[in-house]
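So the structure is just underneath, and the comments pick up after that.
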Amino acid sequence: AGFFVKPPSRKKTLVKDKEKVVANLIKKYGDDLQDRADWTERRIQRTAKYRGWREIKTFPWENASNAHLPIIMTDVQRTEDTLHNAVLSVRPVMNAKATTKAFESKEKIVDQLIDYQVFVENQGEIRIGNLISAFCQDGQFIAYVPYIKEKQKVTRVHMLDFPPKQFSWDRWILQALRSYYPKATILPGKNAPWQWEIKTEHPLTGDIVTNKIEVVQDGDEPRVQLLCHKDETIFDGPSFIPKELEDIVVPGRCENLQPQTMSNPTGMPHVFMVDYPSRDEILKLIENGFYDEVTKEHIEQIKASTRRKTDTNDPEAQKILQDDLTGVVTDSVQDAQEDPFVRLTYFGREDIDGDGFEEEVVYWFLETPQILLRARYLTEVYPTTPLRRPFAMAKYIPVNGQFYAIGLIEMMESGYDIIKKVFDQMIDSGDLTNTPWGFYRPMSGVKPEIMRMGPGDLYPTNDPRNDVFYPTLPQGMSAFGQNTIALVSQILDQATLVGQLQLGGVPAGKSAALRTTSNMQTLLQQGDARPERVMRRFFGGLVEIWHQFHELNQTFLPKEKQFRISTGLTKETDPYVTLENKNDIKGRFLFEFGASILNTNRALATATLQDMFGV
């Protein structure tokens, strides 16, 4: 006991010519950005119409009508609400189905574990809400699904009252520390009893780890604070991170993010994932040994690096543009130490073992300065069966042979443009009617200046009937505008299947059809075809997340994992569960969802239950 044999560390790098590899990857990245430049511009314009970002209008005159009509936002939010209710109305969201009889007894515990990891450890309700927003607005969501074990240096504070008269400070504090840290060796420090040391044994190497404890007075109260400074694990488990669509950079003419193989011919040859770590985060990961391809010269470059100028096609430039349109000022003269780096994670194929065949690999590297941080085989970091990249994706309306899908904003964009143009013309026509323009005779008594007419104003002229003339404007704009808006609105309702009925109102001229319950349910069911299909597509993406969570748990789940059951509890059920090891969940499972349109339509669900009770 206490004798540890240290395993050999990884010495051989997987990449021989690091500079050449990074240069080639950055060239690929730049080419992919250039290929999607037009899509990026159109996406910004669609987002502006959804959010109501408008520029100052100067035609046909300055400050002409430039109204924002929340037509797109109404339908998008209604669809998002439907999907959100469908996900959260049933817990657990997914049900594990064993592929063989031997694993059937583990189905329930797999459901409970992943449900806890998704909704408690990963704030699942918020993150799934983000996925739903991207799914409806951009037409697809992308979730990054890694296993994360994160440590941070934290300070734990323990409050301790002054000791009773029969106790000394040394004995009183030592007794408290032993209760807080029962498995550690506690020794007095140099300035005892106000300084202490806690010594623990590293579980892997057997090295002695020392943490400091300070004892300080807590204001005027008769108590002290025990401040313990130590590294603690703040997260240890699978995670799903919603990624903005601009932060996933891919080549064209591919449908999904998984490797391109014979069984998946429309997969991606490579994928770039962009994120923006701080300098401190990068240096900590280097110190911890996670980034093991970095030299001392590279560390100096990282410390001295300053923020580069972004190109208009960069994902960061798109975020800055959105900030500007939103009204958020992004100060370019910030402290250089606070500026984020651009870190790229490359998923693709490279021949790194020299056998003449390419393997799926993962590279982490910085764009500026060009430094390779880490290189691994894909299955070494994301051990899944079959082989897959750590991404889950779902599309609102897929386009065959294309990566980018069609979302609600794109579906409604042309109709929104027509309605907004006609509405602005109606407002401008009303402005001209209320404040008309006209002509006057130069030789009359009217002064040669622009006059603003107001109630009760009189201006002297020699011959008012002939010296001043107001043209008569056509009076059909109001009726034309209302008819056009009504027609386009009907077209949008048919395109999105979100109309007055889905918003809780009665469509114009349809009140007679809604007088009976049976007719009401018939109309509701007519609009359920596409929502059902869209919902199944969304849940298909969630199935990928659940499946990858299970695969990661089978490899990385820590011993004696403790969690609390939040669904399916009875008086006899113990809500606290401890998994001894990974064998408790090991096995092959399929994940199915039981949600349907009944979860989103209470009236339809009630009518269906009444029919069942009648039978």
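Every chain in the structure tokens takes a letter, A first, then B, and so on in the order presented; its residues are numbered from 1, and the ligands are numbered from 1 following the presented order.
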
**OP:** From a DSSP pass on the backbone, collect the residues of segment 39-267 of chain A flagged as helix (DSSP H, G or I) and hand them back as a PyMOL selection string.
**Re:** chain A and resi 39-51+71-88+101-121+124-137+169-180+245-247

Original post:
Any idea what's packed within 12 Å of Glu300 of chain A, counting only C-alpha atoms, ignoring anything in its chain fewer than 3 positions away? Could you give it as a list of chain:residue names?
Top reply: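 Once the adjacent positions are removed, what remains is A:Arg279, A:Leu283, A:Val294, A:Thr295, A:Lys296, A:Glu297, A:Lys303, A:Ala304, A:Ser305, A:Pro369, A:Ile371.
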
Subject >> Residue nearest Arg171 of chain A among A:Ile419, A:Leu432, A:Ala37, A:Ala192 (counting only C-alpha atoms) >> reply: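 For Arg171 of chain A, the nearest of the candidates is A:Ala192.
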
Subject >> All residues 9 Å or closer to Val468 of chain A, only C-alpha atoms, same chain fewer than 6 positions away omitted, as a ChimeraX atom specification >> reply: /A:438-441,444,446,461

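Coordinates place atom CA of Ser263 of chain A at a distance of 29.4 Å from atom CA of Asp111 of chain A.
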
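Rounded to one decimal, atom CA of Ile198 of chain A and atom CA of Gln562 of chain A lie 25.4 Å from each other.
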
Determine which residues of segment 182-224 of chain A DSSP labels as strand (DSSP E or B) from the backbone of this structure, then write them out as a PDB file with all heavy atoms, in the first residue's frame.
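Below is the file that was written, part25.pdb:
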```pdb
ATOM      1  N   THR A 185      -4.459  14.156   5.790  1.00  0.00           N
ATOM      2  CA  THR A 185      -3.518  14.352   6.898  1.00  0.00           C
ATOM      3  C   THR A 185      -3.403  15.843   7.154  1.00  0.00           C
ATOM      4  O   THR A 185      -3.067  16.609   6.241  1.00  0.00           O
ATOM      5  CB  THR A 185      -2.143  13.769   6.555  1.00  0.00           C
ATOM      6  OG1 THR A 185      -2.285  12.374   6.274  1.00  0.00           O
ATOM      7  CG2 THR A 185      -1.170  13.973   7.703  1.00  0.00           C
ATOM      8  N   ILE A 186      -3.691  16.275   8.378  1.00  0.00           N
ATOM      9  CA  ILE A 186      -3.733  17.703   8.721  1.00  0.00           C
ATOM     10  C   ILE A 186      -2.546  18.029   9.622  1.00  0.00           C
ATOM     11  O   ILE A 186      -2.350  17.396  10.672  1.00  0.00           O
ATOM     12  CB  ILE A 186      -5.054  18.049   9.416  1.00  0.00           C
ATOM     13  CG1 ILE A 186      -6.239  17.674   8.500  1.00  0.00           C
ATOM     14  CG2 ILE A 186      -5.106  19.531   9.769  1.00  0.00           C
ATOM     15  CD1 ILE A 186      -7.581  17.792   9.162  1.00  0.00           C
ATOM     16  N   LEU A 187      -1.752  19.014   9.187  1.00  0.00           N
ATOM     17  CA  LEU A 187      -0.554  19.421   9.925  1.00  0.00           C
ATOM     18  C   LEU A 187      -0.585  20.924  10.150  1.00  0.00           C
ATOM     19  O   LEU A 187      -1.102  21.673   9.301  1.00  0.00           O
ATOM     20  CB  LEU A 187       0.711  19.039   9.146  1.00  0.00           C
ATOM     21  CG  LEU A 187       0.915  17.543   8.850  1.00  0.00           C
ATOM     22  CD1 LEU A 187       2.114  17.359   7.940  1.00  0.00           C
ATOM     23  CD2 LEU A 187       1.076  16.763  10.140  1.00  0.00           C
ATOM     24  N   PRO A 188      -0.029  21.403  11.284  1.00  0.00           N
ATOM     25  CA  PRO A 188       0.047  22.854  11.496  1.00  0.00           C
ATOM     26  C   PRO A 188       1.069  23.489  10.558  1.00  0.00           C
ATOM     27  O   PRO A 188       2.081  22.878  10.207  1.00  0.00           O
ATOM     28  CB  PRO A 188       0.478  22.969  12.963  1.00  0.00           C
ATOM     29  CG  PRO A 188       1.151  21.676  13.262  1.00  0.00           C
ATOM     30  CD  PRO A 188       0.480  20.633  12.430  1.00  0.00           C
ATOM     31  N   GLN A 195      -2.407  28.996  10.493  1.00  0.00           N
ATOM     32  CA  GLN A 195      -2.111  28.410   9.188  1.00  0.00           C
ATOM     33  C   GLN A 195      -2.006  26.892   9.342  1.00  0.00           C
ATOM     34  O   GLN A 195      -1.406  26.397  10.306  1.00  0.00           O
ATOM     35  CB  GLN A 195      -0.806  28.961   8.599  1.00  0.00           C
ATOM     36  CG  GLN A 195      -0.911  30.403   8.112  1.00  0.00           C
ATOM     37  CD  GLN A 195       0.379  30.876   7.466  1.00  0.00           C
ATOM     38  OE1 GLN A 195       1.414  30.222   7.572  1.00  0.00           O
ATOM     39  NE2 GLN A 195       0.313  32.013   6.809  1.00  0.00           N
ATOM     40  N   TRP A 196      -2.586  26.167   8.386  1.00  0.00           N
ATOM     41  CA  TRP A 196      -2.578  24.710   8.424  1.00  0.00           C
ATOM     42  C   TRP A 196      -2.309  24.182   7.018  1.00  0.00           C
ATOM     43  O   TRP A 196      -2.461  24.892   6.017  1.00  0.00           O
ATOM     44  CB  TRP A 196      -3.920  24.174   8.928  1.00  0.00           C
ATOM     45  CG  TRP A 196      -4.246  24.588  10.329  1.00  0.00           C
ATOM     46  CD1 TRP A 196      -4.753  25.788  10.733  1.00  0.00           C
ATOM     47  CD2 TRP A 196      -4.050  23.813  11.512  1.00  0.00           C
ATOM     48  NE1 TRP A 196      -4.896  25.818  12.091  1.00  0.00           N
ATOM     49  CE2 TRP A 196      -4.473  24.609  12.610  1.00  0.00           C
ATOM     50  CE3 TRP A 196      -3.579  22.529  11.772  1.00  0.00           C
ATOM     51  CZ2 TRP A 196      -4.431  24.158  13.916  1.00  0.00           C
ATOM     52  CZ3 TRP A 196      -3.543  22.067  13.070  1.00  0.00           C
ATOM     53  CH2 TRP A 196      -3.961  22.880  14.135  1.00  0.00           C
ATOM     54  N   GLU A 197      -1.907  22.914   6.968  1.00  0.00           N
ATOM     55  CA  GLU A 197      -1.674  22.228   5.698  1.00  0.00           C
ATOM     56  C   GLU A 197      -2.477  20.935   5.668  1.00  0.00           C
ATOM     57  O   GLU A 197      -2.522  20.203   6.653  1.00  0.00           O
ATOM     58  CB  GLU A 197      -0.184  21.918   5.509  1.00  0.00           C
ATOM     59  CG  GLU A 197       0.672  23.156   5.295  1.00  0.00           C
ATOM     60  CD  GLU A 197       2.125  22.794   5.052  1.00  0.00           C
ATOM     61  OE1 GLU A 197       2.476  21.601   5.221  1.00  0.00           O
ATOM     62  OE2 GLU A 197       2.913  23.687   4.689  1.00  0.00           O
ATOM     63  N   ILE A 198      -3.103  20.685   4.518  1.00  0.00           N
ATOM     64  CA  ILE A 198      -3.847  19.438   4.311  1.00  0.00           C
ATOM     65  C   ILE A 198      -3.110  18.640   3.244  1.00  0.00           C
ATOM     66  O   ILE A 198      -2.912  19.119   2.124  1.00  0.00           O
ATOM     67  CB  ILE A 198      -5.290  19.721   3.862  1.00  0.00           C
ATOM     68  CG1 ILE A 198      -6.051  20.467   4.942  1.00  0.00           C
ATOM     69  CG2 ILE A 198      -6.007  18.441   3.510  1.00  0.00           C
ATOM     70  CD1 ILE A 198      -7.471  20.779   4.565  1.00  0.00           C
ATOM     71  N   LYS A 199      -2.712  17.431   3.573  1.00  0.00           N
ATOM     72  CA  LYS A 199      -1.948  16.590   2.650  1.00  0.00           C
ATOM     73  C   LYS A 199      -2.812  15.393   2.253  1.00  0.00           C
ATOM     74  O   LYS A 199      -3.329  14.669   3.112  1.00  0.00           O
ATOM     75  CB  LYS A 199      -0.638  16.129   3.286  1.00  0.00           C
ATOM     76  CG  LYS A 199       0.326  17.270   3.586  1.00  0.00           C
ATOM     77  CD  LYS A 199       1.642  16.765   4.136  1.00  0.00           C
ATOM     78  CE  LYS A 199       2.594  17.932   4.429  1.00  0.00           C
ATOM     79  NZ  LYS A 199       3.003  18.633   3.212  1.00  0.00           N
ATOM     80  N   THR A 200      -2.965  15.220   0.944  1.00  0.00           N
ATOM     81  CA  THR A 200      -3.724  14.090   0.399  1.00  0.00           C
ATOM     82  C   THR A 200      -2.863  13.367  -0.622  1.00  0.00           C
ATOM     83  O   THR A 200      -1.902  13.929  -1.155  1.00  0.00           O
ATOM     84  CB  THR A 200      -5.031  14.556  -0.252  1.00  0.00           C
ATOM     85  OG1 THR A 200      -4.740  15.541  -1.261  1.00  0.00           O
ATOM     86  CG2 THR A 200      -5.965  15.160   0.771  1.00  0.00           C
ATOM     87  N   GLU A 201      -3.234  12.131  -0.921  1.00  0.00           N
ATOM     88  CA  GLU A 201      -2.500  11.303  -1.861  1.00  0.00           C
ATOM     89  C   GLU A 201      -3.195  11.326  -3.211  1.00  0.00           C
ATOM     90  O   GLU A 201      -4.416  11.120  -3.305  1.00  0.00           O
ATOM     91  CB  GLU A 201      -2.423   9.860  -1.342  1.00  0.00           C
ATOM     92  CG  GLU A 201      -1.124   9.154  -1.700  1.00  0.00           C
ATOM     93  CD  GLU A 201      -1.017   7.809  -0.999  1.00  0.00           C
ATOM     94  OE1 GLU A 201      -1.997   7.043  -1.088  1.00  0.00           O
ATOM     95  OE2 GLU A 201      -0.001   7.545  -0.349  1.00  0.00           O
ATOM     96  N   ILE A 208       2.102  13.239  -3.030  1.00  0.00           N
ATOM     97  CA  ILE A 208       1.457  13.967  -1.944  1.00  0.00           C
ATOM     98  C   ILE A 208       1.086  15.358  -2.433  1.00  0.00           C
ATOM     99  O   ILE A 208       1.937  16.111  -2.913  1.00  0.00           O
ATOM    100  CB  ILE A 208       2.382  14.052  -0.711  1.00  0.00           C
ATOM    101  CG1 ILE A 208       2.737  12.642  -0.229  1.00  0.00           C
ATOM    102  CG2 ILE A 208       1.702  14.842   0.391  1.00  0.00           C
ATOM    103  CD1 ILE A 208       1.542  11.818   0.173  1.00  0.00           C
ATOM    104  N   VAL A 209      -0.193  15.696  -2.325  1.00  0.00           N
ATOM    105  CA  VAL A 209      -0.707  17.003  -2.739  1.00  0.00           C
ATOM    106  C   VAL A 209      -0.985  17.814  -1.480  1.00  0.00           C
ATOM    107  O   VAL A 209      -1.685  17.351  -0.577  1.00  0.00           O
ATOM    108  CB  VAL A 209      -1.986  16.854  -3.575  1.00  0.00           C
ATOM    109  CG1 VAL A 209      -2.498  18.224  -3.999  1.00  0.00           C
ATOM    110  CG2 VAL A 209      -1.735  15.965  -4.791  1.00  0.00           C
ATOM    111  N   THR A 210      -0.390  19.022  -1.410  1.00  0.00           N
ATOM    112  CA  THR A 210      -0.517  19.885  -0.239  1.00  0.00           C
ATOM    113  C   THR A 210      -1.391  21.083  -0.558  1.00  0.00           C
ATOM    114  O   THR A 210      -1.189  21.750  -1.581  1.00  0.00           O
ATOM    115  CB  THR A 210       0.863  20.368   0.241  1.00  0.00           C
ATOM    116  OG1 THR A 210       1.681  19.216   0.531  1.00  0.00           O
ATOM    117  CG2 THR A 210       0.728  21.206   1.495  1.00  0.00           C
ATOM    118  N   ASN A 211      -2.375  21.351   0.316  1.00  0.00           N
ATOM    119  CA  ASN A 211      -3.230  22.532   0.187  1.00  0.00           C
ATOM    120  C   ASN A 211      -3.139  23.348   1.470  1.00  0.00           C
ATOM    121  O   ASN A 211      -2.986  22.799   2.569  1.00  0.00           O
ATOM    122  CB  ASN A 211      -4.683  22.122  -0.053  1.00  0.00           C
ATOM    123  CG  ASN A 211      -4.869  21.400  -1.376  1.00  0.00           C
ATOM    124  OD1 ASN A 211      -4.661  21.971  -2.430  1.00  0.00           O
ATOM    125  ND2 ASN A 211      -5.234  20.134  -1.322  1.00  0.00           N
ATOM    126  N   LYS A 212      -3.209  24.666   1.316  1.00  0.00           N
ATOM    127  CA  LYS A 212      -3.042  25.591   2.434  1.00  0.00           C
ATOM    128  C   LYS A 212      -4.397  26.004   3.003  1.00  0.00           C
ATOM    129  O   LYS A 212      -5.381  26.140   2.266  1.00  0.00           O
ATOM    130  CB  LYS A 212      -2.284  26.838   1.991  1.00  0.00           C
ATOM    131  CG  LYS A 212      -0.919  26.565   1.360  1.00  0.00           C
ATOM    132  CD  LYS A 212       0.096  26.090   2.385  1.00  0.00           C
ATOM    133  CE  LYS A 212       1.478  25.953   1.754  1.00  0.00           C
ATOM    134  NZ  LYS A 212       2.481  25.479   2.728  1.00  0.00           N
ATOM    135  N   ILE A 213      -4.422  26.227   4.322  1.00  0.00           N
ATOM    136  CA  ILE A 213      -5.619  26.737   4.989  1.00  0.00           C
ATOM    137  C   ILE A 213      -5.213  27.939   5.840  1.00  0.00           C
ATOM    138  O   ILE A 213      -4.230  27.889   6.574  1.00  0.00           O
ATOM    139  CB  ILE A 213      -6.271  25.666   5.875  1.00  0.00           C
ATOM    140  CG1 ILE A 213      -6.960  24.624   5.000  1.00  0.00           C
ATOM    141  CG2 ILE A 213      -7.299  26.280   6.814  1.00  0.00           C
ATOM    142  CD1 ILE A 213      -7.721  23.587   5.768  1.00  0.00           C
ATOM    143  N   GLU A 214      -5.976  29.022   5.689  1.00  0.00           N
ATOM    144  CA  GLU A 214      -5.749  30.219   6.490  1.00  0.00           C
ATOM    145  C   GLU A 214      -6.915  30.401   7.458  1.00  0.00           C
ATOM    146  O   GLU A 214      -8.070  30.125   7.115  1.00  0.00           O
ATOM    147  CB  GLU A 214      -5.641  31.458   5.602  1.00  0.00           C
ATOM    148  CG  GLU A 214      -4.485  31.427   4.622  1.00  0.00           C
ATOM    149  CD  GLU A 214      -4.480  32.669   3.748  1.00  0.00           C
ATOM    150  OE1 GLU A 214      -4.350  33.784   4.310  1.00  0.00           O
ATOM    151  OE2 GLU A 214      -4.634  32.529   2.525  1.00  0.00           O
ATOM    152  N   VAL A 215      -6.620  30.903   8.650  1.00  0.00           N
ATOM    153  CA  VAL A 215      -7.639  31.209   9.649  1.00  0.00           C
ATOM    154  C   VAL A 215      -7.639  32.713   9.868  1.00  0.00           C
ATOM    155  O   VAL A 215      -6.615  33.291  10.256  1.00  0.00           O
ATOM    156  CB  VAL A 215      -7.364  30.482  10.980  1.00  0.00           C
ATOM    157  CG1 VAL A 215      -8.464  30.785  11.990  1.00  0.00           C
ATOM    158  CG2 VAL A 215      -7.239  28.980  10.757  1.00  0.00           C
ATOM    159  N   VAL A 216      -8.770  33.373   9.600  1.00  0.00           N
ATOM    160  CA  VAL A 216      -8.848  34.825   9.694  1.00  0.00           C
ATOM    161  C   VAL A 216     -10.095  35.201  10.483  1.00  0.00           C
ATOM    162  O   VAL A 216     -11.074  34.445  10.553  1.00  0.00           O
ATOM    163  CB  VAL A 216      -8.875  35.490   8.298  1.00  0.00           C
ATOM    164  CG1 VAL A 216      -7.594  35.229   7.535  1.00  0.00           C
ATOM    165  CG2 VAL A 216     -10.078  35.003   7.487  1.00  0.00           C
ATOM    166  N   GLN A 217     -10.051  36.391  11.074  1.00  0.00           N
ATOM    167  CA  GLN A 217     -11.181  36.906  11.856  1.00  0.00           C
ATOM    168  C   GLN A 217     -12.314  37.331  10.925  1.00  0.00           C
ATOM    169  O   GLN A 217     -12.085  37.942   9.874  1.00  0.00           O
ATOM    170  CB  GLN A 217     -10.725  38.101  12.694  1.00  0.00           C
ATOM    171  CG  GLN A 217     -11.834  38.815  13.437  1.00  0.00           C
ATOM    172  CD  GLN A 217     -12.435  37.955  14.544  1.00  0.00           C
ATOM    173  OE1 GLN A 217     -11.711  37.288  15.261  1.00  0.00           O
ATOM    174  NE2 GLN A 217     -13.755  37.969  14.658  1.00  0.00           N
ATOM    175  N   ARG A 223     -16.300  34.721  15.733  1.00  0.00           N
ATOM    176  CA  ARG A 223     -16.078  33.529  14.926  1.00  0.00           C
ATOM    177  C   ARG A 223     -14.954  33.810  13.934  1.00  0.00           C
ATOM    178  O   ARG A 223     -14.580  34.960  13.704  1.00  0.00           O
ATOM    179  CB  ARG A 223     -17.343  33.129  14.185  1.00  0.00           C
ATOM    180  CG  ARG A 223     -17.869  34.190  13.235  1.00  0.00           C
ATOM    181  CD  ARG A 223     -19.183  33.780  12.622  1.00  0.00           C
ATOM    182  NE  ARG A 223     -19.688  34.791  11.693  1.00  0.00           N
ATOM    183  CZ  ARG A 223     -20.848  34.734  11.070  1.00  0.00           C
ATOM    184  NH1 ARG A 223     -21.654  33.699  11.296  1.00  0.00           N
ATOM    185  NH2 ARG A 223     -21.239  35.683  10.243  1.00  0.00           N
ATOM    186  N   VAL A 224     -14.415  32.757  13.368  1.00  0.00           N
ATOM    187  CA  VAL A 224     -13.318  32.878  12.406  1.00  0.00           C
ATOM    188  C   VAL A 224     -13.724  32.174  11.119  1.00  0.00           C
ATOM    189  O   VAL A 224     -14.659  31.367  11.080  1.00  0.00           O
ATOM    190  CB  VAL A 224     -12.012  32.277  12.967  1.00  0.00           C
ATOM    191  CG1 VAL A 224     -11.495  33.085  14.135  1.00  0.00           C
ATOM    192  CG2 VAL A 224     -12.225  30.813  13.335  1.00  0.00           C
TER     193      VAL A 224
END
```

Skipping near chain neighbours, those fewer than 5 positions away, what residues fall within 10 Å of segment 324-328 of chain A using only C-alpha atoms, listed as a PDB file with all heavy atoms, in the first residue's frame?
```
ATOM      1  N   ILE A  44     -27.437  37.105 -41.938  1.00  0.00           N
ATOM      2  CA  ILE A  44     -27.473  38.332 -41.142  1.00  0.00           C
ATOM      3  C   ILE A  44     -28.711  39.153 -41.499  1.00  0.00           C
ATOM      4  O   ILE A  44     -29.411  39.696 -40.624  1.00  0.00           O
ATOM      5  CB  ILE A  44     -26.198  39.156 -41.360  1.00  0.00           C
ATOM      6  CG1 ILE A  44     -25.021  38.504 -40.637  1.00  0.00           C
ATOM      7  CG2 ILE A  44     -26.379  40.579 -40.862  1.00  0.00           C
ATOM      8  CD1 ILE A  44     -25.083  38.613 -39.136  1.00  0.00           C
ATOM      9  N   ALA A  48     -31.831  40.134 -39.032  1.00  0.00           N
ATOM     10  CA  ALA A  48     -32.215  41.529 -38.826  1.00  0.00           C
ATOM     11  C   ALA A  48     -33.721  41.708 -38.986  1.00  0.00           C
ATOM     12  O   ALA A  48     -34.357  42.460 -38.236  1.00  0.00           O
ATOM     13  CB  ALA A  48     -31.464  42.433 -39.804  1.00  0.00           C
ATOM     14  N   ARG A  51     -35.381  40.239 -35.819  1.00  0.00           N
ATOM     15  CA  ARG A  51     -35.166  41.019 -34.607  1.00  0.00           C
ATOM     16  C   ARG A  51     -35.633  42.463 -34.723  1.00  0.00           C
ATOM     17  O   ARG A  51     -35.750  43.171 -33.719  1.00  0.00           O
ATOM     18  CB  ARG A  51     -33.678  41.014 -34.251  1.00  0.00           C
ATOM     19  CG  ARG A  51     -33.100  39.651 -33.883  1.00  0.00           C
ATOM     20  CD  ARG A  51     -33.535  39.212 -32.518  1.00  0.00           C
ATOM     21  NE  ARG A  51     -33.129  40.199 -31.515  1.00  0.00           N
ATOM     22  CZ  ARG A  51     -31.913  40.222 -30.940  1.00  0.00           C
ATOM     23  NH1 ARG A  51     -31.017  39.315 -31.261  1.00  0.00           N
ATOM     24  NH2 ARG A  51     -31.620  41.137 -30.045  1.00  0.00           N
ATOM     25  N   GLY A  52     -35.895  42.935 -35.949  1.00  0.00           N
ATOM     26  CA  GLY A  52     -36.323  44.322 -36.117  1.00  0.00           C
ATOM     27  C   GLY A  52     -35.183  45.311 -36.150  1.00  0.00           C
ATOM     28  O   GLY A  52     -35.344  46.478 -35.771  1.00  0.00           O
ATOM     29  N   TRP A  53     -34.002  44.866 -36.618  1.00  0.00           N
ATOM     30  CA  TRP A  53     -32.868  45.783 -36.768  1.00  0.00           C
ATOM     31  C   TRP A  53     -33.037  46.549 -38.079  1.00  0.00           C
ATOM     32  O   TRP A  53     -33.062  45.967 -39.156  1.00  0.00           O
ATOM     33  CB  TRP A  53     -31.554  45.010 -36.795  1.00  0.00           C
ATOM     34  CG  TRP A  53     -31.279  44.247 -35.531  1.00  0.00           C
ATOM     35  CD1 TRP A  53     -31.716  44.546 -34.285  1.00  0.00           C
ATOM     36  CD2 TRP A  53     -30.521  43.041 -35.405  1.00  0.00           C
ATOM     37  NE1 TRP A  53     -31.264  43.624 -33.373  1.00  0.00           N
ATOM     38  CE2 TRP A  53     -30.528  42.688 -34.034  1.00  0.00           C
ATOM     39  CE3 TRP A  53     -29.816  42.238 -36.297  1.00  0.00           C
ATOM     40  CZ2 TRP A  53     -29.863  41.562 -33.544  1.00  0.00           C
ATOM     41  CZ3 TRP A  53     -29.166  41.114 -35.815  1.00  0.00           C
ATOM     42  CH2 TRP A  53     -29.186  40.791 -34.459  1.00  0.00           C
ATOM     43  N   ARG A  54     -33.157  47.866 -37.992  1.00  0.00           N
ATOM     44  CA  ARG A  54     -33.408  48.677 -39.178  1.00  0.00           C
ATOM     45  C   ARG A  54     -32.424  49.826 -39.274  1.00  0.00           C
ATOM     46  O   ARG A  54     -32.021  50.392 -38.259  1.00  0.00           O
ATOM     47  CB  ARG A  54     -34.829  49.257 -39.131  1.00  0.00           C
ATOM     48  CG  ARG A  54     -35.941  48.237 -39.238  1.00  0.00           C
ATOM     49  CD  ARG A  54     -37.202  48.733 -38.588  1.00  0.00           C
ATOM     50  NE  ARG A  54     -37.040  48.879 -37.144  1.00  0.00           N
ATOM     51  CZ  ARG A  54     -37.833  49.585 -36.374  1.00  0.00           C
ATOM     52  NH1 ARG A  54     -38.851  50.228 -36.903  1.00  0.00           N
ATOM     53  NH2 ARG A  54     -37.625  49.661 -35.082  1.00  0.00           N
ATOM     54  N   GLU A  55     -32.047  50.152 -40.495  1.00  0.00           N
ATOM     55  CA  GLU A  55     -31.217  51.325 -40.741  1.00  0.00           C
ATOM     56  C   GLU A  55     -32.108  52.543 -40.962  1.00  0.00           C
ATOM     57  O   GLU A  55     -33.299  52.425 -41.244  1.00  0.00           O
ATOM     58  CB  GLU A  55     -30.326  51.099 -41.960  1.00  0.00           C
ATOM     59  CG  GLU A  55     -29.339  49.940 -41.793  1.00  0.00           C
ATOM     60  CD  GLU A  55     -28.498  49.746 -43.034  1.00  0.00           C
ATOM     61  OE1 GLU A  55     -28.799  50.407 -44.060  1.00  0.00           O
ATOM     62  OE2 GLU A  55     -27.552  48.939 -42.992  1.00  0.00           O
ATOM     63  N   GLN A 318     -18.898  38.223 -37.774  1.00  0.00           N
ATOM     64  CA  GLN A 318     -20.350  38.172 -37.816  1.00  0.00           C
ATOM     65  C   GLN A 318     -20.952  38.456 -36.448  1.00  0.00           C
ATOM     66  O   GLN A 318     -21.988  39.118 -36.332  1.00  0.00           O
ATOM     67  CB  GLN A 318     -20.798  36.792 -38.304  1.00  0.00           C
ATOM     68  CG  GLN A 318     -20.299  36.428 -39.690  1.00  0.00           C
ATOM     69  CD  GLN A 318     -20.719  37.437 -40.741  1.00  0.00           C
ATOM     70  OE1 GLN A 318     -21.882  37.810 -40.808  1.00  0.00           O
ATOM     71  NE2 GLN A 318     -19.779  37.891 -41.548  1.00  0.00           N
ATOM     72  N   LYS A 319     -20.304  37.982 -35.391  1.00  0.00           N
ATOM     73  CA  LYS A 319     -20.797  38.275 -34.044  1.00  0.00           C
ATOM     74  C   LYS A 319     -20.658  39.769 -33.737  1.00  0.00           C
ATOM     75  O   LYS A 319     -21.551  40.371 -33.118  1.00  0.00           O
ATOM     76  CB  LYS A 319     -20.010  37.449 -33.023  1.00  0.00           C
ATOM     77  CG  LYS A 319     -20.191  35.953 -33.156  1.00  0.00           C
ATOM     78  CD  LYS A 319     -19.371  35.209 -32.121  1.00  0.00           C
ATOM     79  CE  LYS A 319     -19.420  33.708 -32.344  1.00  0.00           C
ATOM     80  NZ  LYS A 319     -20.784  33.159 -32.247  1.00  0.00           N
TER      81      LYS A 319
END
```

**OP:** Compile the contact shell of Pro340 of chain A as a ChimeraX atom specification: residues with an atom at most 8 Å away, counting only C-alpha atoms, same-chain residues fewer than 4 positions apart removed.
**Re:** /A:276-279,307

**OP:** Excluding Leu372 of chain A and residues on its chain fewer than 4 positions from it, collect all residues at most 9 Å away from it, counting only C-alpha atoms, and give them as a ChimeraX atom specification.
**Re:** /A:18-19,21-22,291,293-294,363-366

Selection from above, C-alpha atoms, as a compact mmCIF listing (two decimals), in the first residue's frame, can you write it?
```txt
# COMPACT_ATOMS: atom_id res chain seq x y z
CA LYS A 18 3.45 20.85 -36.95
CA GLU A 19 3.93 24.15 -38.78
CA VAL A 21 -0.01 20.86 -40.78
CA VAL A 22 -1.37 24.04 -39.15
CA TYR A 291 -2.31 20.71 -24.59
CA GLU A 293 2.07 19.73 -28.35
CA VAL A 294 3.16 23.15 -27.06
CA TYR A 363 -6.53 18.65 -33.93
CA TRP A 364 -6.75 21.63 -31.60
CA PHE A 365 -4.84 24.71 -32.78
CA LEU A 366 -4.80 28.51 -32.58
```
